[in-house]
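All remarks here apply to the structure that follows.
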Amino acid sequence: MSDKVLYVAVAGQPNSGKSTMFNAMTGATARVGNYPGISVERTEGNVRLPDGTTIRLVDLPGTYSLTAYSQEEVIARNVIFNEKPDAVINLLDATSLERSLYLTLQTMEIGANVVIGLNMMDEVKKQHIHIDSEKLSALLGVPVVECCARRGMGADKLLEMARQQALARPETIEPLYISYGPDIDPVLEEFTAKIEAAGFMTERYPARWLAIKYLEEDEVIVAQGRKAGPLGQALEQRVAEVSAALQATRNTYPEAMIADYRYGFINGLTRQDVISREDDMRFNYSDKIDKVVTHRLLGPVIMCMLLYAMFYITFTLGAYPQGWVENLFALLGALVESALPEGLLRSMIVNGAIDGVGAVMSFTPLILLMFLMLVFLEDLGYMGRVAYMLDRVMQTFGLHGASVMPFIISGGLPGGCAVPGVMAARTLRSKRERLATIFTAPFMVCGAKTTAFIMLTAAFFPENPTRAMFIIVLLAWAFALLTALLLRKTVIRGASTPFIMELPPYRLPTLHGVLIHTWDRVWQYIKKAGTVILAVSILMWALMTFPELPEAEREAFEAQRRGIEQQARAHTGDGPSGQIAEGLITDALTAMDDAEAQASLLHTFAGRLGKGLEPVTQYAGFPWQANIALIGAFAAKEVFVSTMATTYSMNSAAEIEESTDLSKRLATDPAYTRPVVFSLIVFLLLYAPCLVTVVAIIRETSLGWGLFTLFGSLAFSYLVAVGVYQLSSLFF
Amino acid sequence: MTIINMRKMKVNQTGAIASIKADGALGRRIRDMGLINGAEIRIVGRAPLRDPVALRLRGYTLTLRNSEADFIFCEVKDSHE
């Protein structure tokens with residue numbers, strides 16, 4: 001019996017089946033979090049071995065290499081250096097053994113205690129590849145376990161080997177030594193000697209590894225070296241000399257040479273009968289599927305149909321559970337309403353907290369459905385093909401092929417939602433393109449904006465509202481793409497991140513894996529609704545409630561109502577005329593209620609802000625009523641229609657036909673000239689993403705970028721609206 | 001045997017990488033994915049708009065943009081049909 005806790009990291013390249021294996025090993029204990037300050041997920045879990053040992057497992061980000069090419073690679077190697085795991089399980093896609101071993105070599109060069117898992121052994125056999133895992137183990141001097149993560153095969157053995165390795169671990173493991181040839185090796189020796197003599201960062205990194213990183217011109221290590229001491233500068237200078245010499249004599253760079261020798265080392269391994277196959281250029285089943293799925297004509301057609309189906313399923317099927325959640329919150333609201341006396345507390349709980357959180361929670365079923373399908377298509381390998389097919393178009397606007405999905409989910413087909421859209425941008429590995437996508441995705445016509453546009457188009461384009469709606473959607477795409485281009489030329493300028501990407505073979509995802517990944521994302525969304533959204537909903541409620549109308553004014557409304565009733569009672573007898581009179585009284589009272597609601601709203605902070613903004617918004621042509629509605633719609637865009645109704649004092653008139661009545665009211669309002677309408681529509685399309693989206697953006701990127709998106713798009717939309725108003729005023 | 005730019009290669013054509021002119025992040029990425037001198041490749045397809053290009057090497061499929069393929073030169077057999 002031992003009650004030791006061992007710490008084991010799981011490393012592997014993307015699409016190596018690392019997550020599937022991790023789930024197979026940890027079962028339900030896995031917990032997803034983020035590495036501090038960045039949106040790279042960190043998953044941990046515990047396993048108890050039969051002998052009583054507990055293993056704490058951490059899933060490293062999937063990377064092809066351990067250079068400083070991406071954030072993920074730096075994180076993966078930092079975990080190994082900083083947290084010093086007792087062992088590192090390195091999962092390999094055995095169908096592309098050579099490329100997979102590239103990461104293994106680098107992990108071993110660090111001096112990690114490696115256990116190799118050869119995954120996808122079932123596919124290896126199917127493809128008539130033979131791998132001699134014992135030979136591989138002997139040549140590399142580390143245990144090698146054959147696995148098939150999809151069936152959970154090899155999980156126990158991997159853990160057992162990791163335990164044995166961890167316990168047998170000598171004080172320090174000798175890092176793997178690879179010879180980099182007559183040009184590089186002497187320089188490495190020279191560097192290693194200097195580094196050891198000066199004790200230069202050796203408390204953290206092995207000396208020879210540091211020497212290699214200097215020759216690779218690894219930005220992270222070089223930057224650390226500058227702070228660590230004068231040797232850093234000296235080494236940089238030597239690297240420049242060596243690099244110049246290599247370019248002159250061999251027409252290559254040290255970094256390229258190192259990579260050549262690493263792959264040479266791998267070829268040396270595999271040539272010793274470790275692997276034999278008929279023909280590694282042979283087309284496999286995936287290439288055959290791709291002949292159709294990425295076909296010049298068929299490919300885009302299939303893609304459009306699939307995207308449309310996904311969209312349709314999410315927002316048609318999702319509407320039912322969405323309705324249930326809404327009803328649940330309505331019921332909860334009614335319950336609280338009946339349990340509490342009328343007053344501010346009740347209003348805050350019902351209209352602030354329950355309505356606000358309910359509006360957000362009602363999107364949960366949509367997000368769940370959307371991510372179920374998205375995760376499935378991603379794990380299947382299809383999303384890579386979408387990026388591949390659309391990259392040429394997106395590239396023109398400084399975006400990436402994988403930007404399409406976030407756009408569509410956000411409402412590229414009207415009715416989406418920017419929150420899952422922003423979250424879907426996670427599939428984008430390149431930072432600049434990802435930020436541009438996240439900034440512009442909320443321009444799309446989300447479901448909430450759709451309600452507002454339906455109301456506006458019905459009011460102002462009654463002859464053909466469908467065409468107007470279609471133009472609005474096209475406008476959304478045009479603005480999103482052009483703004484992305486503008487951003488990529490200014491704020492996030494810079495060369496596009498290399499597209500170079502693996503097209504993994506199609507593999508049917510496991511149900512378990514899809515469910516786990518989906519639930520992780522949905523749960524993060526729910527947690528947010530319970531915390532941040534709750535707080536801000538109450539704040540928005542307060543802005544639209546306080547300060548209340550002074551007692552005297554409320555009294556005045558009350559007096560008028562009493563007056564109407566008294567007058568009416570004096571005139572009314574029984575009989576049919578009495579009933580008609582009753583109706584008139586109700587109408588008069590409702591009108592009075594609406595007038596009071598309007599006066600109250602105007603008196604609040606939000607109302608004053610809307611009215612106070614008139615001098616600014618007059619250049620874009622908005623009346624103050626629209627200002628207030630736009631402020632309210634920041635909490636959730638659905639609020640636009642209901643707040644507009646309140647500002648035109650017709651809230652309680654007929655709640656069911658609110659939008660139709662409001663359309664009629666606006667259509668007859670002379671304030672809404674064509675230029676005003678155009679400018680309002682454009683502004684509504686582009687202005688600040690709703691609160692929930694802003695929170696999602698902050699979560700996915702940073703506070704700074706979230707605020708930039710908020711105020712940036714606000715400023716941008718204002719300028720565009722002013723432009724539209726002023727220009728179209730010349731024509732209408 | 002002639003050396004041509006990868007962009008000029010046709011679908012189904014095979015070749016061996018002769019040289020890679022990229023450095024920095026792009027060069028690093030290209031090499032990390034196994035595209036190094038001597039590696040054998042076969043073009044498996046092009047996206048509907050003729051960019052990016054998909055190729056097969058070392059038992060897997062890789063895609064890259066034409067603008068990235070421009071840095072890669074391959075040795076191909078003269079008589080391909």
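Ordering of the structure tokens sets the chain letters (A, B, ...); residue numbers start at 1 within each chain; ligands are numbered from 1 in the order shown.
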Counting only C-alpha atoms, which residues of chain A sit at most 6 Å from some atom of chain B, and what is each one's closest atom pair with its distance in Å to one decimal, listed by chain and rising residue number, as JSON lines?
```
{"residue": "A:Ser96", "atom": "CA", "partner": "B:Gly59", "partner_atom": "CA", "distance": 5.0}
{"residue": "A:Asp280", "atom": "CA", "partner": "B:Gly59", "partner_atom": "CA", "distance": 4.8}
{"residue": "A:Arg296", "atom": "CA", "partner": "B:Pro48", "partner_atom": "CA", "distance": 4.2}
{"residue": "A:Met389", "atom": "CA", "partner": "B:Ala47", "partner_atom": "CA", "distance": 5.1}
{"residue": "A:Arg392", "atom": "CA", "partner": "B:Asp51", "partner_atom": "CA", "distance": 5.9}
{"residue": "A:Pro498", "atom": "CA", "partner": "B:Leu26", "partner_atom": "CA", "distance": 6.0}
{"residue": "A:Phe499", "atom": "CA", "partner": "B:Leu64", "partner_atom": "CA", "distance": 5.7}
{"residue": "A:Ile500", "atom": "CA", "partner": "B:Leu64", "partner_atom": "CA", "distance": 4.4}
{"residue": "A:Met501", "atom": "CA", "partner": "B:Thr63", "partner_atom": "CA", "distance": 5.4}
{"residue": "A:Glu502", "atom": "CA", "partner": "B:Leu62", "partner_atom": "CA", "distance": 4.4}
{"residue": "A:Leu503", "atom": "CA", "partner": "B:Thr61", "partner_atom": "CA", "distance": 5.3}
```
What would the file look like if the residues just selected were written as a PDB file, in the first residue's frame with C-alpha atoms?
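Final file, selection_21.pdb:
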```pdb
ATOM      1  CA  SER A  96       2.023   9.453 -38.654  1.00  0.00           C
ATOM      2  CA  ASP A 280       3.061   6.333 -47.130  1.00  0.00           C
ATOM      3  CA  ARG A 296     -14.453  22.105 -56.343  1.00  0.00           C
ATOM      4  CA  MET A 389     -12.279  25.600 -48.437  1.00  0.00           C
ATOM      5  CA  ARG A 392      -9.031  32.064 -49.785  1.00  0.00           C
ATOM      6  CA  PRO A 498       0.830  30.775 -41.151  1.00  0.00           C
ATOM      7  CA  PHE A 499      -2.148  28.747 -42.271  1.00  0.00           C
ATOM      8  CA  ILE A 500      -0.127  25.519 -42.372  1.00  0.00           C
ATOM      9  CA  MET A 501      -2.451  23.037 -40.788  1.00  0.00           C
ATOM     10  CA  GLU A 502      -2.968  19.325 -40.583  1.00  0.00           C
ATOM     11  CA  LEU A 503      -6.071  17.893 -42.243  1.00  0.00           C
TER      12      LEU A 503
END
```
Just the residues within 9 Å of Leu486 in chain A, please, counting only C-alpha atoms, with nothing from its chain fewer than 5 positions along; format it as a short mmCIF file (atom, residue, chain, number, x, y, z; two decimals) with N, CA and C atoms, in the first residue's frame.
```cif
data_model
loop_
_atom_site.label_atom_id
_atom_site.label_comp_id
_atom_site.auth_asym_id
_atom_site.auth_seq_id
_atom_site.Cartn_x
_atom_site.Cartn_y
_atom_site.Cartn_z
N PHE A 397 -9.71 39.38 -46.40
CA PHE A 397 -10.10 40.37 -45.39
C PHE A 397 -9.22 40.25 -44.14
N GLY A 398 -8.08 39.61 -44.29
CA GLY A 398 -7.17 39.50 -43.15
C GLY A 398 -7.65 38.52 -42.10
N LEU A 481 -16.78 41.95 -42.57
CA LEU A 481 -15.56 41.65 -43.33
C LEU A 481 -14.71 42.90 -43.52
N VAL A 491 -5.19 48.35 -35.98
CA VAL A 491 -4.93 47.95 -34.58
C VAL A 491 -4.21 46.62 -34.48
#
```
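Comparing the minimum interatomic distances between Tyr7 in chain A and each of A:Ala162, A:Ser642, A:Ala244, A:Pro547, counting only C-alpha atoms, we find that A:Ala162 sits nearest.
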In Å to one decimal, how far is CA of Ile72 in chain B from CA of Glu217 in chain A? 21.4 Å
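Once Leu345 in chain A and its same-chain neighbours fewer than 4 positions away are set aside, Val336, Glu337, Ala339, Leu340, Pro341, Ile349, Val350, Asn351, Gly352, Ala353, Ile538, Trp541, Ala542 and Thr545 of chain A remain within 12 Å of it when counting only C-alpha atoms.
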Convert the current residue selection to file output with C-alpha atoms, as a compact mmCIF listing (two decimals), in the first residue's frame.
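Output saved as result-v2.txt:
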```
# COMPACT_ATOMS: atom_id res chain seq x y z
CA VAL A 336 -41.86 35.60 -6.25
CA GLU A 337 -44.38 38.21 -7.32
CA ALA A 339 -44.90 35.83 -2.34
CA LEU A 340 -43.52 39.34 -1.89
CA PRO A 341 -45.39 42.58 -1.29
CA ILE A 349 -35.86 40.49 -7.87
CA VAL A 350 -38.47 39.96 -10.59
CA ASN A 351 -37.66 42.63 -13.21
CA GLY A 352 -33.95 42.83 -12.50
CA ALA A 353 -32.55 39.50 -11.37
CA ILE A 538 -29.59 44.41 -11.37
CA TRP A 541 -32.68 47.53 -13.66
CA ALA A 542 -31.54 50.23 -11.25
CA THR A 545 -35.86 52.50 -12.24
```
Interatomic distance between CA of Phe81 in chain A and CA of Pro143 in chain A? 21.5 Å
Alpha helix (DSSP H) positions in chain B, given as a VMD selection string: chain B and resid 24 to 32 66 to 69
List every residue of chain B that DSSP, applied to the backbone of this structure, places in strand (DSSP E), and write the result as a PDB file with N, CA and C atoms, in the first residue's frame.
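The resulting file, part-v9.pdb, is shown below:
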```
ATOM      1  N   THR B   2      13.858  18.256 -62.379  1.00  0.00           N
ATOM      2  CA  THR B   2      13.935  19.709 -62.331  1.00  0.00           C
ATOM      3  C   THR B   2      13.397  20.186 -60.989  1.00  0.00           C
ATOM      4  N   ILE B   3      13.773  21.369 -60.620  1.00  0.00           N
ATOM      5  CA  ILE B   3      13.305  21.940 -59.362  1.00  0.00           C
ATOM      6  C   ILE B   3      12.279  23.022 -59.679  1.00  0.00           C
ATOM      7  N   ILE B   4      11.083  22.848 -59.136  1.00  0.00           N
ATOM      8  CA  ILE B   4      10.043  23.856 -59.380  1.00  0.00           C
ATOM      9  C   ILE B   4       9.425  24.295 -58.057  1.00  0.00           C
ATOM     10  N   ASN B   5       8.742  25.412 -58.130  1.00  0.00           N
ATOM     11  CA  ASN B   5       8.064  25.935 -56.947  1.00  0.00           C
ATOM     12  C   ASN B   5       6.850  25.072 -56.630  1.00  0.00           C
ATOM     13  N   THR B  14       4.130  14.112 -57.546  1.00  0.00           N
ATOM     14  CA  THR B  14       4.976  13.855 -56.383  1.00  0.00           C
ATOM     15  C   THR B  14       6.311  14.549 -56.562  1.00  0.00           C
ATOM     16  N   GLY B  15       6.997  14.707 -55.446  1.00  0.00           N
ATOM     17  CA  GLY B  15       8.296  15.352 -55.517  1.00  0.00           C
ATOM     18  C   GLY B  15       8.993  15.275 -54.171  1.00  0.00           C
ATOM     19  N   ALA B  16      10.249  15.676 -54.165  1.00  0.00           N
ATOM     20  CA  ALA B  16      10.995  15.730 -52.908  1.00  0.00           C
ATOM     21  C   ALA B  16      11.401  17.175 -52.667  1.00  0.00           C
ATOM     22  N   ILE B  17      11.315  17.599 -51.415  1.00  0.00           N
ATOM     23  CA  ILE B  17      11.624  18.999 -51.143  1.00  0.00           C
ATOM     24  C   ILE B  17      13.109  19.257 -51.354  1.00  0.00           C
ATOM     25  N   ALA B  18      13.409  20.286 -52.139  1.00  0.00           N
ATOM     26  CA  ALA B  18      14.795  20.592 -52.464  1.00  0.00           C
ATOM     27  C   ALA B  18      15.316  21.726 -51.592  1.00  0.00           C
ATOM     28  N   SER B  19      14.487  22.753 -51.386  1.00  0.00           N
ATOM     29  CA  SER B  19      14.918  23.833 -50.501  1.00  0.00           C
ATOM     30  C   SER B  19      13.713  24.598 -49.977  1.00  0.00           C
ATOM     31  N   ILE B  20      13.926  25.219 -48.809  1.00  0.00           N
ATOM     32  CA  ILE B  20      12.876  26.032 -48.193  1.00  0.00           C
ATOM     33  C   ILE B  20      13.483  27.380 -47.871  1.00  0.00           C
ATOM     34  N   GLU B  40       9.554  13.597 -48.956  1.00  0.00           N
ATOM     35  CA  GLU B  40       8.773  13.329 -50.167  1.00  0.00           C
ATOM     36  C   GLU B  40       7.326  13.740 -49.957  1.00  0.00           C
ATOM     37  N   ILE B  41       6.792  14.385 -50.971  1.00  0.00           N
ATOM     38  CA  ILE B  41       5.418  14.872 -50.864  1.00  0.00           C
ATOM     39  C   ILE B  41       4.628  14.507 -52.105  1.00  0.00           C
ATOM     40  N   ARG B  42       3.305  14.528 -51.943  1.00  0.00           N
ATOM     41  CA  ARG B  42       2.420  14.367 -53.101  1.00  0.00           C
ATOM     42  C   ARG B  42       1.284  15.367 -52.934  1.00  0.00           C
ATOM     43  N   ILE B  43       0.999  16.118 -53.985  1.00  0.00           N
ATOM     44  CA  ILE B  43      -0.110  17.078 -53.937  1.00  0.00           C
ATOM     45  C   ILE B  43      -1.417  16.279 -54.028  1.00  0.00           C
ATOM     46  N   VAL B  44      -2.289  16.423 -53.031  1.00  0.00           N
ATOM     47  CA  VAL B  44      -3.542  15.648 -53.088  1.00  0.00           C
ATOM     48  C   VAL B  44      -4.736  16.477 -53.536  1.00  0.00           C
ATOM     49  N   GLY B  45      -4.639  17.777 -53.436  1.00  0.00           N
ATOM     50  CA  GLY B  45      -5.780  18.561 -53.906  1.00  0.00           C
ATOM     51  C   GLY B  45      -5.599  20.037 -53.658  1.00  0.00           C
ATOM     52  N   ARG B  46      -6.511  20.793 -54.245  1.00  0.00           N
ATOM     53  CA  ARG B  46      -6.539  22.223 -53.985  1.00  0.00           C
ATOM     54  C   ARG B  46      -7.950  22.602 -53.573  1.00  0.00           C
ATOM     55  N   VAL B  53      -3.451  24.668 -50.757  1.00  0.00           N
ATOM     56  CA  VAL B  53      -3.149  23.403 -51.397  1.00  0.00           C
ATOM     57  C   VAL B  53      -3.022  22.334 -50.301  1.00  0.00           C
ATOM     58  N   ALA B  54      -3.458  21.103 -50.611  1.00  0.00           N
ATOM     59  CA  ALA B  54      -3.333  20.004 -49.645  1.00  0.00           C
ATOM     60  C   ALA B  54      -2.294  19.030 -50.168  1.00  0.00           C
ATOM     61  N   LEU B  55      -1.420  18.594 -49.278  1.00  0.00           N
ATOM     62  CA  LEU B  55      -0.415  17.632 -49.718  1.00  0.00           C
ATOM     63  C   LEU B  55      -0.229  16.542 -48.676  1.00  0.00           C
ATOM     64  N   ARG B  56       0.339  15.445 -49.156  1.00  0.00           N
ATOM     65  CA  ARG B  56       0.528  14.310 -48.287  1.00  0.00           C
ATOM     66  C   ARG B  56       2.013  14.099 -48.059  1.00  0.00           C
ATOM     67  N   LEU B  57       2.383  13.918 -46.815  1.00  0.00           N
ATOM     68  CA  LEU B  57       3.768  13.577 -46.516  1.00  0.00           C
ATOM     69  C   LEU B  57       3.818  12.824 -45.198  1.00  0.00           C
ATOM     70  N   TYR B  60       0.622  11.650 -43.440  1.00  0.00           N
ATOM     71  CA  TYR B  60      -0.515  12.484 -43.073  1.00  0.00           C
ATOM     72  C   TYR B  60      -0.746  13.570 -44.120  1.00  0.00           C
ATOM     73  N   THR B  61      -1.863  14.319 -43.956  1.00  0.00           N
ATOM     74  CA  THR B  61      -2.225  15.337 -44.945  1.00  0.00           C
ATOM     75  C   THR B  61      -2.068  16.723 -44.340  1.00  0.00           C
ATOM     76  N   LEU B  62      -1.461  17.610 -45.085  1.00  0.00           N
ATOM     77  CA  LEU B  62      -1.147  18.958 -44.614  1.00  0.00           C
ATOM     78  C   LEU B  62      -1.689  19.960 -45.632  1.00  0.00           C
ATOM     79  N   THR B  63      -2.162  21.112 -45.142  1.00  0.00           N
ATOM     80  CA  THR B  63      -2.561  22.145 -46.093  1.00  0.00           C
ATOM     81  C   THR B  63      -1.756  23.404 -45.834  1.00  0.00           C
ATOM     82  N   LEU B  64      -1.455  24.112 -46.890  1.00  0.00           N
ATOM     83  CA  LEU B  64      -0.844  25.431 -46.726  1.00  0.00           C
ATOM     84  C   LEU B  64      -1.257  26.344 -47.864  1.00  0.00           C
ATOM     85  N   ILE B  72       8.683  27.132 -50.880  1.00  0.00           N
ATOM     86  CA  ILE B  72       9.139  25.740 -50.915  1.00  0.00           C
ATOM     87  C   ILE B  72       9.390  25.312 -52.364  1.00  0.00           C
ATOM     88  N   PHE B  73      10.555  24.737 -52.586  1.00  0.00           N
ATOM     89  CA  PHE B  73      10.903  24.262 -53.925  1.00  0.00           C
ATOM     90  C   PHE B  73      11.063  22.753 -53.905  1.00  0.00           C
ATOM     91  N   CYS B  74      10.541  22.120 -54.942  1.00  0.00           N
ATOM     92  CA  CYS B  74      10.556  20.665 -54.964  1.00  0.00           C
ATOM     93  C   CYS B  74      11.255  20.155 -56.206  1.00  0.00           C
ATOM     94  N   GLU B  75      11.866  18.995 -56.022  1.00  0.00           N
ATOM     95  CA  GLU B  75      12.485  18.325 -57.156  1.00  0.00           C
ATOM     96  C   GLU B  75      11.466  17.351 -57.716  1.00  0.00           C
ATOM     97  N   VAL B  76      11.141  17.497 -59.005  1.00  0.00           N
ATOM     98  CA  VAL B  76      10.122  16.618 -59.592  1.00  0.00           C
ATOM     99  C   VAL B  76      10.695  15.942 -60.836  1.00  0.00           C
TER     100      VAL B  76
END
```
Env of Ala671 in chain A: 12 Å cut, atoms = only C-alpha atoms, seq-sep filter 5 positions within chain, self excluded. Answer as a PDB file with C-alpha atoms, in the first residue's frame.
```pdb
ATOM      1  CA  GLN A 618     -28.871  64.408 -33.458  1.00  0.00           C
ATOM      2  CA  GLY A 621     -30.734  61.682 -36.557  1.00  0.00           C
ATOM      3  CA  PHE A 622     -32.058  59.564 -33.678  1.00  0.00           C
ATOM      4  CA  PRO A 623     -34.930  60.852 -31.573  1.00  0.00           C
ATOM      5  CA  TRP A 624     -34.414  60.541 -27.795  1.00  0.00           C
ATOM      6  CA  GLN A 625     -36.849  57.627 -27.582  1.00  0.00           C
ATOM      7  CA  ALA A 626     -34.515  55.519 -29.687  1.00  0.00           C
ATOM      8  CA  ARG A 665     -46.989  54.067 -34.453  1.00  0.00           C
ATOM      9  CA  LEU A 666     -43.472  54.590 -35.821  1.00  0.00           C
ATOM     10  CA  VAL A 676     -33.272  58.505 -39.741  1.00  0.00           C
ATOM     11  CA  VAL A 677     -34.432  54.968 -40.460  1.00  0.00           C
TER      12      VAL A 677
END
```
Would you kindly return, as a list in words, each protein, DNA or RNA residue with an atom no farther than 10 Å from any atom of Gly141 in chain A, considering only C-alpha atoms and excluding same-chain residues fewer than 4 positions away? Val114, Val115, Lys135, Leu136, Ser137 and Leu176 of chain A
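By chain and then residue number, the residues within 9 Å of Phe678 in chain A are A:Ala721, A:Val724, A:Tyr725, A:Ser728, counting only C-alpha atoms and disregarding those fewer than 6 positions away in sequence.
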Can I get the selection written as a CSV table (one decimal), in the first residue's frame, with C-alpha atoms?
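New file again_25.csv:
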```
chain,number,residue,atom,x,y,z
A,721,ALA,CA,-24.6,56.2,-38.6
A,724,VAL,CA,-25.3,57.4,-43.4
A,725,TYR,CA,-27.7,60.0,-42.0
A,728,SER,CA,-28.8,60.0,-47.3
```
Which residues, written as a short mmCIF file (atom, residue, chain, number, x, y, z; two decimals) with N, CA and C atoms, in the first residue's frame, have at least one atom at most 9 Å from Tyr261 in chain A, with only C-alpha atoms counted and residues fewer than 3 positions away on the same chain left out?
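Writing the result to result-v4.cif gives the following:
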```
data_model
loop_
_atom_site.label_atom_id
_atom_site.label_comp_id
_atom_site.auth_asym_id
_atom_site.auth_seq_id
_atom_site.Cartn_x
_atom_site.Cartn_y
_atom_site.Cartn_z
N ILE A 178 21.04 14.47 -28.98
CA ILE A 178 20.98 14.30 -30.43
C ILE A 178 22.15 15.05 -31.03
N SER A 179 22.83 14.41 -31.96
CA SER A 179 23.93 15.10 -32.64
C SER A 179 23.36 15.95 -33.76
N TYR A 180 23.80 17.22 -33.81
CA TYR A 180 23.28 18.13 -34.84
C TYR A 180 24.31 18.40 -35.94
N GLY A 181 25.30 17.50 -36.04
CA GLY A 181 26.20 17.59 -37.18
C GLY A 181 27.42 18.46 -36.96
N ALA A 256 17.00 25.71 -39.12
CA ALA A 256 16.61 24.73 -40.13
C ALA A 256 17.48 23.49 -40.03
N MET A 257 18.73 23.72 -39.77
CA MET A 257 19.66 22.60 -39.67
C MET A 257 19.30 21.71 -38.48
N ILE A 258 18.94 22.34 -37.37
CA ILE A 258 18.56 21.57 -36.18
C ILE A 258 17.34 20.70 -36.49
N GLY A 264 16.32 13.74 -39.17
CA GLY A 264 17.30 12.73 -39.53
C GLY A 264 17.41 11.67 -38.44
N PHE A 265 17.41 12.10 -37.20
CA PHE A 265 17.44 11.18 -36.05
C PHE A 265 16.24 10.23 -36.10
N ILE A 266 15.06 10.83 -36.41
CA ILE A 266 13.84 10.02 -36.48
C ILE A 266 13.94 9.01 -37.63
#
```
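Taking CA of Leu158 in chain A as the reference point, CA of Ile116 in chain A is found at 8.1 Å.
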